[in-house]
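Data file: input_17.txt. Format and content: compact mmCIF, C-alpha atoms and all ligand atoms.
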```txt
# COMPACT_ATOMS: atom_id res chain seq x y z
CA MET E 189 -31.12 64.60 56.61
CA PRO E 190 -29.80 66.44 53.49
CA ASP E 191 -27.64 69.39 54.38
CA THR E 192 -26.00 70.81 51.28
CA LYS E 193 -27.90 73.22 49.07
CA SER E 194 -27.77 70.87 46.12
CA GLU E 195 -29.09 67.92 48.16
CA ILE E 196 -32.01 70.00 49.38
CA PHE E 197 -32.61 71.30 45.86
CA ASN E 198 -32.64 67.77 44.42
CA LYS E 199 -35.05 66.58 47.07
CA LEU E 200 -37.40 69.53 46.44
CA ALA E 201 -37.21 68.94 42.68
CA SER E 202 -38.02 65.25 43.19
CA TYR E 203 -41.18 66.20 45.15
CA VAL E 204 -42.20 68.55 42.33
CA LEU E 205 -41.70 65.82 39.71
CA ARG E 206 -43.59 63.32 41.85
CA ARG E 207 -46.58 65.66 42.06
CA TYR E 208 -46.64 66.01 38.27
CA GLN E 209 -46.36 62.24 37.87
CA VAL E 210 -49.22 61.60 40.27
CA ASN E 211 -51.39 64.07 38.36
CA ALA E 212 -50.16 63.20 34.88
CA ARG E 213 -53.57 61.95 33.76
CA LYS E 214 -55.37 65.12 34.72
CA SER E 215 -56.50 67.50 32.00
CA MET E 216 -56.35 71.22 31.36
CA LEU E 217 -60.02 71.26 32.36
CA ASP E 218 -59.00 69.81 35.74
CA VAL E 219 -56.43 72.58 36.16
CA TYR E 220 -58.95 75.19 35.07
CA GLN E 221 -61.50 73.86 37.57
CA VAL E 222 -58.81 73.47 40.25
CA ASP E 223 -59.38 69.76 40.82
CA ARG E 224 -59.16 68.84 44.50
CA ASP E 225 -56.31 66.36 43.91
CA PHE E 226 -54.02 69.27 42.98
CA LEU E 227 -54.54 70.77 46.42
CA ARG E 228 -53.80 67.57 48.30
CA LEU E 229 -50.32 67.87 49.83
CA GLU E 230 -48.27 64.86 50.76
CA LYS E 231 -47.27 64.62 54.40
CA ASP E 232 -43.66 63.60 53.71
CA ASN E 233 -43.23 66.61 51.43
CA LEU E 234 -44.65 68.99 54.02
CA GLU E 235 -42.51 67.50 56.80
CA PHE E 236 -39.41 67.73 54.67
CA MET E 237 -40.08 71.39 53.96
CA TYR E 238 -40.81 72.23 57.58
CA GLU E 239 -37.77 70.39 58.91
CA ASN E 240 -35.46 71.96 56.33
CA ARG E 241 -36.73 75.54 56.58
CA PRO E 242 -33.32 77.26 56.85
CA GLY E 243 -31.86 75.28 53.92
CA ILE E 244 -34.90 75.89 51.72
CA ILE E 245 -34.99 79.59 52.56
CA ALA E 246 -31.29 79.76 51.60
CA ILE E 247 -32.14 78.16 48.24
CA LEU E 248 -35.01 80.55 47.67
CA ASN E 249 -32.73 83.49 48.51
CA ASP E 250 -30.18 82.31 45.97
CA PRO E 251 -31.21 83.67 42.53
CA GLU E 252 -29.50 80.83 40.64
CA TYR E 253 -31.13 78.03 42.65
CA SER E 254 -34.54 79.65 42.75
CA ILE E 255 -34.63 80.23 38.99
CA ASP E 256 -33.56 76.59 38.51
CA LEU E 257 -36.39 75.48 40.77
CA ALA E 258 -38.88 77.65 38.85
CA GLY E 259 -37.43 75.98 35.72
CA VAL E 260 -38.31 72.52 37.07
CA PHE E 261 -41.91 73.68 37.55
CA VAL E 262 -42.13 75.35 34.14
CA ARG E 263 -40.70 72.41 32.22
CA SER E 264 -43.03 70.00 34.04
CA SER E 265 -45.95 72.33 33.29
CA LEU E 266 -45.06 72.44 29.61
CA GLU E 267 -44.86 68.65 29.46
CA PHE E 268 -48.15 68.35 31.33
CA THR E 269 -49.88 70.85 29.03
CA TYR E 270 -48.59 69.35 25.78
CA SER E 271 -49.41 65.80 26.79
CA SER E 272 -52.87 66.91 27.87
CA ASN E 273 -53.62 68.87 24.68
CA GLN E 274 -51.01 68.99 21.95
CA PHE E 275 -52.76 71.89 20.19
CA VAL E 276 -51.98 74.30 22.99
CA ASN E 277 -48.76 76.08 22.23
CA LEU E 278 -46.87 77.97 24.90
CA ASN E 279 -44.55 80.33 23.06
CA GLN E 280 -41.66 82.28 24.62
CA ASP E 281 -44.00 84.97 25.97
CA GLU E 282 -46.26 82.37 27.56
CA GLN E 283 -43.25 80.60 29.03
CA GLN E 284 -42.03 83.90 30.52
CA ARG E 285 -45.47 84.37 32.04
CA LEU E 286 -45.26 80.89 33.60
CA ILE E 287 -41.76 81.60 34.95
CA ALA E 288 -43.08 84.78 36.60
CA MET E 289 -45.98 82.84 38.14
CA TYR E 290 -43.71 80.15 39.56
CA CYS E 291 -41.19 82.70 40.86
CA ASN E 292 -44.07 84.43 42.59
CA TYR E 293 -45.18 81.11 44.06
CA LEU E 294 -41.65 80.39 45.31
CA GLN E 295 -41.45 83.82 46.94
CA GLY E 296 -44.76 83.02 48.67
CA MET E 297 -43.28 79.71 49.80
CA LYS E 298 -40.30 81.53 51.29
CA MET E 299 -42.57 83.86 53.27
CA VAL E 300 -44.64 80.95 54.57
CA LEU E 301 -41.48 79.13 55.66
CA GLN E 302 -40.14 82.26 57.35
CA GLU E 303 -43.33 83.12 59.14
CA SER E 304 -44.88 79.87 60.37
CA GLY E 305 -44.03 79.16 64.00
CA THR E 306 -45.49 75.65 64.17
CA PHE E 307 -45.97 72.76 61.75
CA ALA E 308 -49.77 73.24 61.90
CA GLU E 309 -49.41 76.91 60.95
CA PHE E 310 -47.05 76.00 58.14
CA GLU E 311 -49.45 73.35 56.81
CA LYS E 312 -52.37 75.79 56.83
CA ASP E 313 -50.47 78.70 55.24
CA PHE E 314 -48.83 76.51 52.64
CA SER E 315 -52.18 74.97 51.63
CA ASN E 316 -53.58 78.47 51.18
CA LEU E 317 -50.60 79.42 49.06
CA VAL E 318 -51.09 76.35 46.83
CA LYS E 319 -54.80 77.25 46.47
CA GLU E 320 -53.89 80.80 45.41
CA HIS E 321 -51.31 79.47 43.00
CA PHE E 322 -53.87 77.17 41.35
CA LYS E 323 -56.28 80.10 41.05
CA ASP E 324 -53.53 81.94 39.14
CA LEU E 325 -52.97 78.91 36.89
CA SER E 326 -56.71 78.62 36.28
CA ASN E 327 -56.99 82.33 35.34
CA ASN E 328 -54.02 81.94 33.06
CA ILE E 329 -55.68 79.03 31.23
CA SER E 330 -58.89 80.99 30.82
CA ARG E 331 -56.96 83.48 28.64
CA PHE E 332 -56.66 80.75 26.01
CA PHE E 333 -60.24 79.90 25.35
CA ASP E 334 -63.24 81.46 23.72
CA ARG E 335 -65.35 83.53 26.02
CA GLU E 336 -68.36 82.82 23.78
CA THR E 337 -68.68 79.23 24.96
CA GLY E 338 -69.49 80.68 28.38
CA TRP E 339 -70.72 78.08 30.81
CA GLN E 340 -70.14 75.22 28.36
CA VAL E 341 -66.57 75.19 29.40
CA GLN E 342 -66.17 71.42 28.91
CA GLU E 343 -66.88 71.92 25.20
CA ASN E 344 -63.87 74.12 24.79
CA ILE E 345 -61.31 72.56 22.48
CA ILE E 346 -58.46 74.02 24.49
CA LEU E 347 -59.59 72.17 27.61
CA LYS E 348 -60.17 68.83 25.93
CA GLN E 349 -57.69 65.98 26.11
CA VAL E 350 -55.94 65.71 22.74
CA VAL E 351 -53.54 62.81 22.87
CA CYS E 352 -50.06 63.09 21.48
CA SER E 353 -48.36 59.77 20.83
CA GLU E 354 -44.97 58.84 19.52
CA TYR E 355 -44.88 56.10 16.91
CA THR E 356 -42.20 53.53 16.17
CA PRO E 357 -39.77 54.33 13.33
CA GLU E 358 -40.95 51.26 11.41
CA PHE E 359 -44.56 52.37 11.71
CA GLN E 360 -43.76 55.90 10.55
CA LEU E 361 -41.68 54.78 7.56
CA ASP E 362 -44.30 52.25 6.55
CA LEU E 363 -47.19 54.69 6.88
CA LEU E 364 -45.32 57.39 4.97
CA GLY E 365 -44.31 54.88 2.30
CA LEU E 366 -40.60 55.58 2.78
CA LYS E 367 -37.55 53.39 2.32
CA LYS E 368 -34.40 54.42 4.15
CA GLU E 369 -32.34 54.07 0.97
CA ASP E 370 -34.57 56.52 -0.93
CA LEU E 371 -34.15 59.40 1.50
CA ILE E 372 -32.14 62.38 0.29
CA GLU E 373 -29.85 63.77 3.01
CA PRO E 374 -29.84 65.69 5.20
CA VAL E 375 -33.12 64.64 6.75
CA LEU E 376 -35.11 66.82 9.13
CA ASP E 377 -37.84 65.24 11.26
CA LEU E 378 -40.10 68.13 12.18
CA GLY E 379 -42.03 67.47 15.40
CA CYS E 380 -39.96 64.32 15.92
CA GLY E 381 -41.37 63.62 19.40
CA LYS E 382 -39.52 63.81 22.71
CA ASN E 383 -37.49 60.67 22.02
CA GLY E 384 -36.91 61.30 18.31
CA THR E 385 -37.00 57.57 17.65
CA LEU E 386 -37.14 57.89 13.87
CA VAL E 387 -34.11 60.20 13.83
CA LYS E 388 -32.08 57.80 16.00
CA TYR E 389 -33.14 54.88 13.81
CA LEU E 390 -32.05 56.66 10.61
CA ARG E 391 -28.75 57.70 12.15
CA GLN E 392 -28.04 54.12 13.16
CA SER E 393 -28.23 53.33 9.45
CA GLY E 394 -25.70 56.05 8.68
CA ILE E 395 -28.23 58.59 7.39
CA LYS E 396 -27.62 62.25 8.30
CA ALA E 397 -30.72 63.20 10.21
CA ILE E 398 -31.77 65.59 12.94
CA GLY E 399 -35.03 66.06 14.75
CA VAL E 400 -36.73 69.12 16.16
CA ASP E 401 -39.48 69.23 18.72
CA ARG E 402 -40.62 71.70 21.36
CA ILE E 403 -39.59 69.19 24.05
CA VAL E 404 -36.75 66.71 23.45
CA ASP E 405 -34.53 64.47 25.51
CA GLN E 406 -30.89 65.49 25.62
CA ASP E 407 -29.34 63.98 22.51
CA PRO E 408 -26.88 65.38 19.95
CA SER E 409 -29.30 64.58 17.10
CA LEU E 410 -32.27 66.37 18.65
CA ARG E 411 -32.91 70.12 18.93
CA GLU E 412 -35.42 71.65 21.24
CA ALA E 413 -37.24 74.43 19.39
CA ASP E 414 -40.62 75.62 18.29
CA TRP E 415 -40.93 75.12 14.54
CA PHE E 416 -41.84 78.79 14.22
CA ASP E 417 -38.38 79.65 15.59
CA ILE E 418 -36.42 77.58 13.08
CA ASP E 419 -34.46 79.39 10.42
CA PHE E 420 -35.39 77.41 7.29
CA LYS E 421 -32.58 78.24 4.90
CA THR E 422 -33.31 77.91 1.16
CA ASP E 423 -32.08 74.71 -0.54
CA SER E 424 -30.82 73.07 2.63
CA TRP E 425 -32.84 69.89 3.36
CA GLY E 426 -32.91 66.77 1.22
CA THR E 427 -35.97 65.41 3.03
CA VAL E 428 -38.28 66.91 5.62
CA ILE E 429 -40.48 64.35 7.38
CA SER E 430 -43.34 65.25 9.66
CA HIS E 431 -45.50 62.39 10.81
CA MET E 432 -48.66 63.51 12.63
CA ALA E 433 -46.94 66.73 13.59
CA PHE E 434 -46.65 69.92 11.49
CA SER E 435 -49.53 69.20 9.09
CA ASN E 436 -51.74 67.94 11.91
CA HIS E 437 -51.27 71.27 13.66
CA PHE E 438 -51.70 73.25 10.45
CA ALA E 439 -54.99 71.38 9.76
CA PHE E 440 -56.13 72.20 13.29
CA HIS E 441 -55.32 75.91 12.87
CA HIS E 442 -57.07 75.91 9.50
CA ARG E 443 -60.30 74.74 11.14
CA TYR E 444 -60.11 76.31 14.60
CA LYS E 445 -61.76 79.71 14.64
CA ASN E 446 -59.05 81.27 16.79
CA GLY E 447 -56.30 79.52 14.87
CA ARG E 448 -53.26 80.95 13.09
CA PRO E 449 -53.70 79.55 9.57
CA ARG E 450 -51.80 82.38 7.87
CA GLN E 451 -48.71 81.84 10.01
CA TYR E 452 -48.88 78.12 9.31
CA ALA E 453 -49.32 78.74 5.58
CA SER E 454 -46.28 80.97 5.43
CA LEU E 455 -44.19 78.49 7.46
CA TYR E 456 -45.35 75.71 5.12
CA MET E 457 -43.98 77.67 2.16
CA GLU E 458 -40.71 78.31 4.03
CA ILE E 459 -40.35 74.57 4.64
CA LEU E 460 -40.92 73.82 0.96
CA ASN E 461 -38.40 76.47 -0.06
CA SER E 462 -35.86 75.00 2.35
CA LEU E 463 -35.79 71.79 0.27
CA LYS E 464 -32.94 71.17 -2.12
CA PRO E 465 -34.04 70.77 -5.75
CA THR E 466 -35.57 67.23 -5.99
CA GLY E 467 -35.90 67.16 -2.19
CA SER E 468 -39.26 66.30 -0.61
CA PHE E 469 -41.48 67.25 2.28
CA ILE E 470 -43.36 64.13 3.36
CA TYR E 471 -46.13 64.36 5.88
CA SER E 472 -49.39 63.02 7.16
CA PRO E 473 -52.20 64.08 7.40
CA GLY E 474 -52.55 65.87 4.09
CA LEU E 475 -53.36 69.55 3.59
CA PRO E 476 -55.59 69.62 0.47
CA PHE E 477 -56.71 73.19 1.18
CA ILE E 478 -53.20 74.51 0.45
CA GLU E 479 -51.59 71.77 -1.68
CA GLN E 480 -54.00 72.61 -4.53
CA TYR E 481 -52.47 76.10 -4.82
CA LEU E 482 -48.83 75.03 -5.15
CA PRO E 483 -47.39 76.10 -8.51
CA ASP E 484 -46.94 72.90 -10.54
CA ASP E 485 -43.85 74.19 -12.33
CA ARG E 486 -42.06 74.25 -8.94
CA PHE E 487 -43.64 71.43 -6.95
CA SER E 488 -45.13 68.02 -7.63
CA VAL E 489 -47.68 66.71 -5.15
CA GLN E 490 -48.32 62.99 -4.62
CA ARG E 491 -51.16 62.03 -2.33
CA GLN E 492 -52.12 58.61 -1.10
CA ALA E 493 -55.07 57.83 1.14
CA ILE E 494 -54.01 55.80 4.15
CA SER E 495 -56.98 53.45 3.81
CA GLU E 496 -56.05 52.70 0.16
CA LYS E 497 -52.44 52.24 1.07
CA ASN E 498 -53.05 49.83 3.87
CA PRO E 499 -56.67 49.02 4.61
CA THR E 500 -55.80 46.98 7.70
CA GLN E 501 -53.82 49.81 9.30
CA ARG E 502 -55.68 49.95 12.59
CA ASP E 503 -53.28 52.29 14.32
CA ALA E 504 -53.63 54.91 11.61
CA PRO E 505 -54.66 58.36 12.81
CA SER E 506 -58.41 59.03 12.71
CA ASN E 507 -59.71 60.79 9.63
CA PRO E 508 -62.23 63.52 10.47
CA ASP E 509 -62.23 65.37 7.13
CA ARG E 510 -60.79 62.85 4.69
CA GLN E 511 -57.37 64.43 5.20
CA ALA E 512 -55.75 61.30 6.58
CA ASP E 513 -53.50 61.03 3.58
CA VAL E 514 -49.80 60.73 3.15
CA VAL E 515 -48.47 63.55 1.01
CA LYS E 516 -45.13 63.95 -0.69
CA VAL E 517 -44.38 67.41 -2.06
CA LYS E 518 -41.28 67.39 -4.23
CA LYS E 519 -39.41 70.57 -5.09
CA LEU E 520 -38.68 70.40 -8.79
CA ILE E 521 -36.22 73.26 -9.20
C1 LIG V 1 -48.32 63.29 17.59
S1 LIG V 1 -46.69 63.79 17.98
C2 LIG V 1 -45.80 62.95 16.68
C3 LIG V 1 -44.36 62.70 17.01
C4 LIG V 1 -43.58 61.93 15.94
N1 LIG V 1 -43.55 62.64 14.68
C5 LIG V 1 -44.13 60.54 15.78
O1 LIG V 1 -44.87 60.29 14.82
O2 LIG V 1 -43.84 59.70 16.64
C6 LIG V 1 -46.62 65.53 17.44
C7 LIG V 1 -45.34 66.23 17.85
O3 LIG V 1 -45.36 67.57 17.32
C8 LIG V 1 -44.69 68.40 18.27
N2 LIG V 1 -45.06 69.81 18.10
C9 LIG V 1 -46.28 70.36 18.17
N3 LIG V 1 -46.23 71.68 18.01
C10 LIG V 1 -44.92 71.98 17.82
C11 LIG V 1 -44.22 73.21 17.59
N4 LIG V 1 -44.88 74.37 17.54
N5 LIG V 1 -42.88 73.15 17.42
C12 LIG V 1 -42.22 71.96 17.49
N6 LIG V 1 -42.82 70.77 17.70
C13 LIG V 1 -44.17 70.79 17.87
C14 LIG V 1 -45.23 67.87 19.58
O4 LIG V 1 -44.44 68.28 20.68
C15 LIG V 1 -45.22 66.37 19.35
O5 LIG V 1 -44.04 65.74 19.78
```

For this file, produce the structure as C-alpha cells.
Amino acid sequence: MPDTKSEIFNKLASYVLRRYQVNARKSMLDVYQVDRDFLRLEKDNLEFMYENRPGIIAILNDPEYSIDLAGVFVRSSLEFTYSSNQFVNLNQDEQQRLIAMYCNYLQGMKMVLQESGTFAEFEKDFSNLVKEHFKDLSNNISRFFDRETGWQVQENIILKQVVCSEYTPEFQLDLLGLKKEDLIEPVLDLGCGKNGTLVKYLRQSGIKAIGVDRIVDQDPSLREADWFDIDFKTDSWGTVISHMAFSNHFAFHHRYKNGRPRQYASLYMEILNSLKPTGSFIYSPGLPFIEQYLPDDRFSVQRQAISEKNPTQRDAPSNPDRQADVVKVKKLI
C-alpha cells in the first residue's frame, strides 16, 4: 500500500490519466450530453481512494499537491478537447475557469472522503459528485456554441469531431515543396504538433529551428504557447512554416460565423512582418481571401494547388473551398 504523499499522488494521477485514455475516443458532444461511460467508476480506483482516505485528504489539504492534481485534470482535458476538435481554443481565461472547476471537484472529493462512513456510502456520494462535475463540464461546453441551433445540437461545429493529425517531416517538406538546404534560418514551425517532428528533423540536419504549439512534449526545441501569445519581433525569422496549422485555423475563423477573422488577419500580418527581408512564410492550406490584398511591393505570393503539384497525393488534406494550396509569401524588403 502506498504511504508517502508522492506515492499516493502518483497513483491518483495514474487513475486520472487512465480514465482519459479509456475515454479518448469520446467527443465534445459526448461530454456535453454526459455520456454514461464518463460516469462509470472503476472498482480498483474507488477501493484505492476509500482505503487511502487519510493520505488523500492530506494531499487535498496541501495547496501545492492539490493544485498539481487539478493541473493533471486540466492538461488532460485540454488534450482531450484539442484532439476531439482542434478548432476549439481554450485561452488563459478558459484554462483558469477549468482550474476552478477541477479545484471545486477536488474539494467535493475531500468532503466525500471525510464524510462517508462505509464503502457503500462513499461509492454513492462519489458517483453523485462525478455526476455533478460532468453537469458543470456540460454547462461549460454549452457556452461555446450557438444558441440558434437549438435542439440540433449534433449539427454544432464545436461539438463535431475535427481530427488533428501530425504528419511526418518528409511528408510536410514534400507537400510544402521545401528542400532543407533552401531554408533560411532561423526556422519557426508554427503549430508544430505535440511531437514537433519536423523541428527535430531539421535540427538533426544542423538547421536552427524551433517549434511552437499549444501542447508540446518537453523538449528544448519546442515551446508551449498559443500563437496569439507569441511576440513576433520584426525581421527575426528566416522561414516560418505552418503545415495544416495556422492557415487552417484562420480559414476556419474566416468562415465560421462566430469566428475571430480580424484577430487572425492581424496576427497573419505580424507573422509576415516578423520575417527577415527575403524570408518566407510557407503554409497550407492557402488563404486567397487575404493574400490578394498583400502589397506587391513588399511581398511576393506563390501559390501551388496540391492536386497539380502531386495528383497522387492521397493523404493530402481535404479541399472544401479550393483552398488546399501550398502558399509561399516572401518578404521582399
Ligand atoms: C493538424 S495539426 C498539424 C501539426 C503539424 N504542423 C503537422 O503537420 O504535423 C495543427 C496543430 O496546430 C496547433 N494549434 C491550433 N491552434 C493553435 C494555437 N492557437 N496556438 C498554437 N498552436 C495551435 C494544434 O495544437 C495542432 O498541433

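With distances restricted to all atoms listed in the file, E:Pro473 is the closest residue to Met432 of chain E from E:Ala246, E:Pro473, E:Ala201, E:Met216.
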
(request) Please give me, as a ChimeraX atom specification, the residues lying within 8 Å of ligand LIG 1 (chain V) when counting all atoms listed in the file. (result) /E:270,274-275,277,351-357,360,377-382,384-386,400-403,412-416,430-434,436-437

Which neighbours of Leu366 of chain E fall inside 10 Å, counting all atoms listed in the file, when residues of the same chain fewer than 6 positions from it are skipped, and could you give them as a PDB file with C-alpha atoms, in the frame of the given file?
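Wrote selection-v3.pdb, looks like this:
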```
ATOM      1  CA  GLU E 358     -40.950  51.260  11.410  1.00  0.00           C
ATOM      2  CA  GLN E 360     -43.760  55.900  10.550  1.00  0.00           C
ATOM      3  CA  ILE E 429     -40.480  64.350   7.380  1.00  0.00           C
ATOM      4  CA  ILE E 470     -43.360  64.130   3.360  1.00  0.00           C
TER       5      ILE E 470
END
```

(request) Would you please work out which residue, of E:Arg491, E:His321, E:Arg443, E:Lys214, is nearest to Cys291 of chain E when using all atoms listed in the file? (result)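 Among the listed residues, the smallest separation from Cys291 of chain E belongs to E:His321.
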
(request) Kindly give the distance, in Å, that separates atom CA of Thr269 of chain E and atom CA of Tyr203 of chain E, rounded to a single decimal. (result) 18.9 Å

(request) Record the distance separating atom CA of Phe197 of chain E and atom CA of Ser215 of chain E, expressed in Å with one decimal. (result)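 Going from atom CA of Phe197 of chain E over to atom CA of Ser215 of chain E covers 27.9 Å.
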
(message) Need the shell around Phe236 of chain E: protein/DNA/RNA residues with any atom at most 10 Å away, counting all atoms listed in the file. Skip same-chain ones fewer than 3 positions apart. Format as an NGL selection string?
(response) :E and (189-190 or 196 or 199-200 or 203 or 231-233 or 239-241 or 244)

(message) Measuring between only C-alpha atoms, which one of E:Leu361, E:Leu390, E:Ala512, E:Leu248 shows the shortest distance to Glu373 of chain E?
(response)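 Nearest candidate to Glu373 of chain E out of E:Leu361, E:Leu390, E:Ala512, E:Leu248: E:Leu390.
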
(request) Have a look at atom CA of Phe314 of chain E and atom CA of Met297 of chain E and let me know their distance in Å, one decimal. (result) 7.0 Å

Would you output segment 399-439 of chain E from that structure, restricted to C-alpha atoms, as a PDB file, in the first residue's frame?
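Dumped to part-v2.pdb:
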```pdb
ATOM      1  CA  GLY E 399       8.519  24.811 -32.884  1.00  0.00           C
ATOM      2  CA  VAL E 400       5.551  26.287 -31.089  1.00  0.00           C
ATOM      3  CA  ASP E 401       2.294  24.589 -30.281  1.00  0.00           C
ATOM      4  CA  ARG E 402      -0.347  24.946 -27.587  1.00  0.00           C
ATOM      5  CA  ILE E 403       0.615  21.483 -26.288  1.00  0.00           C
ATOM      6  CA  VAL E 404       4.160  20.142 -26.701  1.00  0.00           C
ATOM      7  CA  ASP E 405       6.283  17.393 -25.241  1.00  0.00           C
ATOM      8  CA  GLN E 406       9.158  18.568 -23.079  1.00  0.00           C
ATOM      9  CA  ASP E 407      11.984  19.310 -25.495  1.00  0.00           C
ATOM     10  CA  PRO E 408      14.473  22.196 -25.701  1.00  0.00           C
ATOM     11  CA  SER E 409      13.427  22.914 -29.303  1.00  0.00           C
ATOM     12  CA  LEU E 410       9.709  23.136 -28.558  1.00  0.00           C
ATOM     13  CA  ARG E 411       7.794  25.937 -26.832  1.00  0.00           C
ATOM     14  CA  GLU E 412       4.343  25.562 -25.431  1.00  0.00           C
ATOM     15  CA  ALA E 413       2.334  28.670 -26.305  1.00  0.00           C
ATOM     16  CA  ASP E 414      -0.754  29.886 -28.043  1.00  0.00           C
ATOM     17  CA  TRP E 415       0.259  31.596 -31.270  1.00  0.00           C
ATOM     18  CA  PHE E 416      -1.694  34.655 -30.153  1.00  0.00           C
ATOM     19  CA  ASP E 417       0.689  34.956 -27.196  1.00  0.00           C
ATOM     20  CA  ILE E 418       3.889  34.950 -29.241  1.00  0.00           C
ATOM     21  CA  ASP E 419       5.824  38.172 -29.543  1.00  0.00           C
ATOM     22  CA  PHE E 420       6.592  38.253 -33.280  1.00  0.00           C
ATOM     23  CA  LYS E 421       9.536  40.623 -33.486  1.00  0.00           C
ATOM     24  CA  THR E 422      10.115  42.421 -36.801  1.00  0.00           C
ATOM     25  CA  ASP E 423      12.800  40.953 -39.097  1.00  0.00           C
ATOM     26  CA  SER E 424      13.527  37.938 -36.919  1.00  0.00           C
ATOM     27  CA  TRP E 425      12.582  34.711 -38.766  1.00  0.00           C
ATOM     28  CA  GLY E 426      14.208  33.410 -41.926  1.00  0.00           C
ATOM     29  CA  THR E 427      11.394  30.921 -42.534  1.00  0.00           C
ATOM     30  CA  VAL E 428       8.052  30.384 -40.849  1.00  0.00           C
ATOM     31  CA  ILE E 429       6.427  27.046 -41.699  1.00  0.00           C
ATOM     32  CA  SER E 430       2.888  26.138 -40.770  1.00  0.00           C
ATOM     33  CA  HIS E 431       1.583  22.914 -42.216  1.00  0.00           C
ATOM     34  CA  MET E 432      -2.164  22.414 -41.662  1.00  0.00           C
ATOM     35  CA  ALA E 433      -1.997  24.668 -38.645  1.00  0.00           C
ATOM     36  CA  PHE E 434      -2.183  28.494 -38.584  1.00  0.00           C
ATOM     37  CA  SER E 435      -3.800  28.967 -42.014  1.00  0.00           C
ATOM     38  CA  ASN E 436      -6.189  26.066 -41.436  1.00  0.00           C
ATOM     39  CA  HIS E 437      -7.421  27.813 -38.294  1.00  0.00           C
ATOM     40  CA  PHE E 438      -7.503  31.218 -39.981  1.00  0.00           C
ATOM     41  CA  ALA E 439      -9.602  29.724 -42.837  1.00  0.00           C
TER      42      ALA E 439
END
```
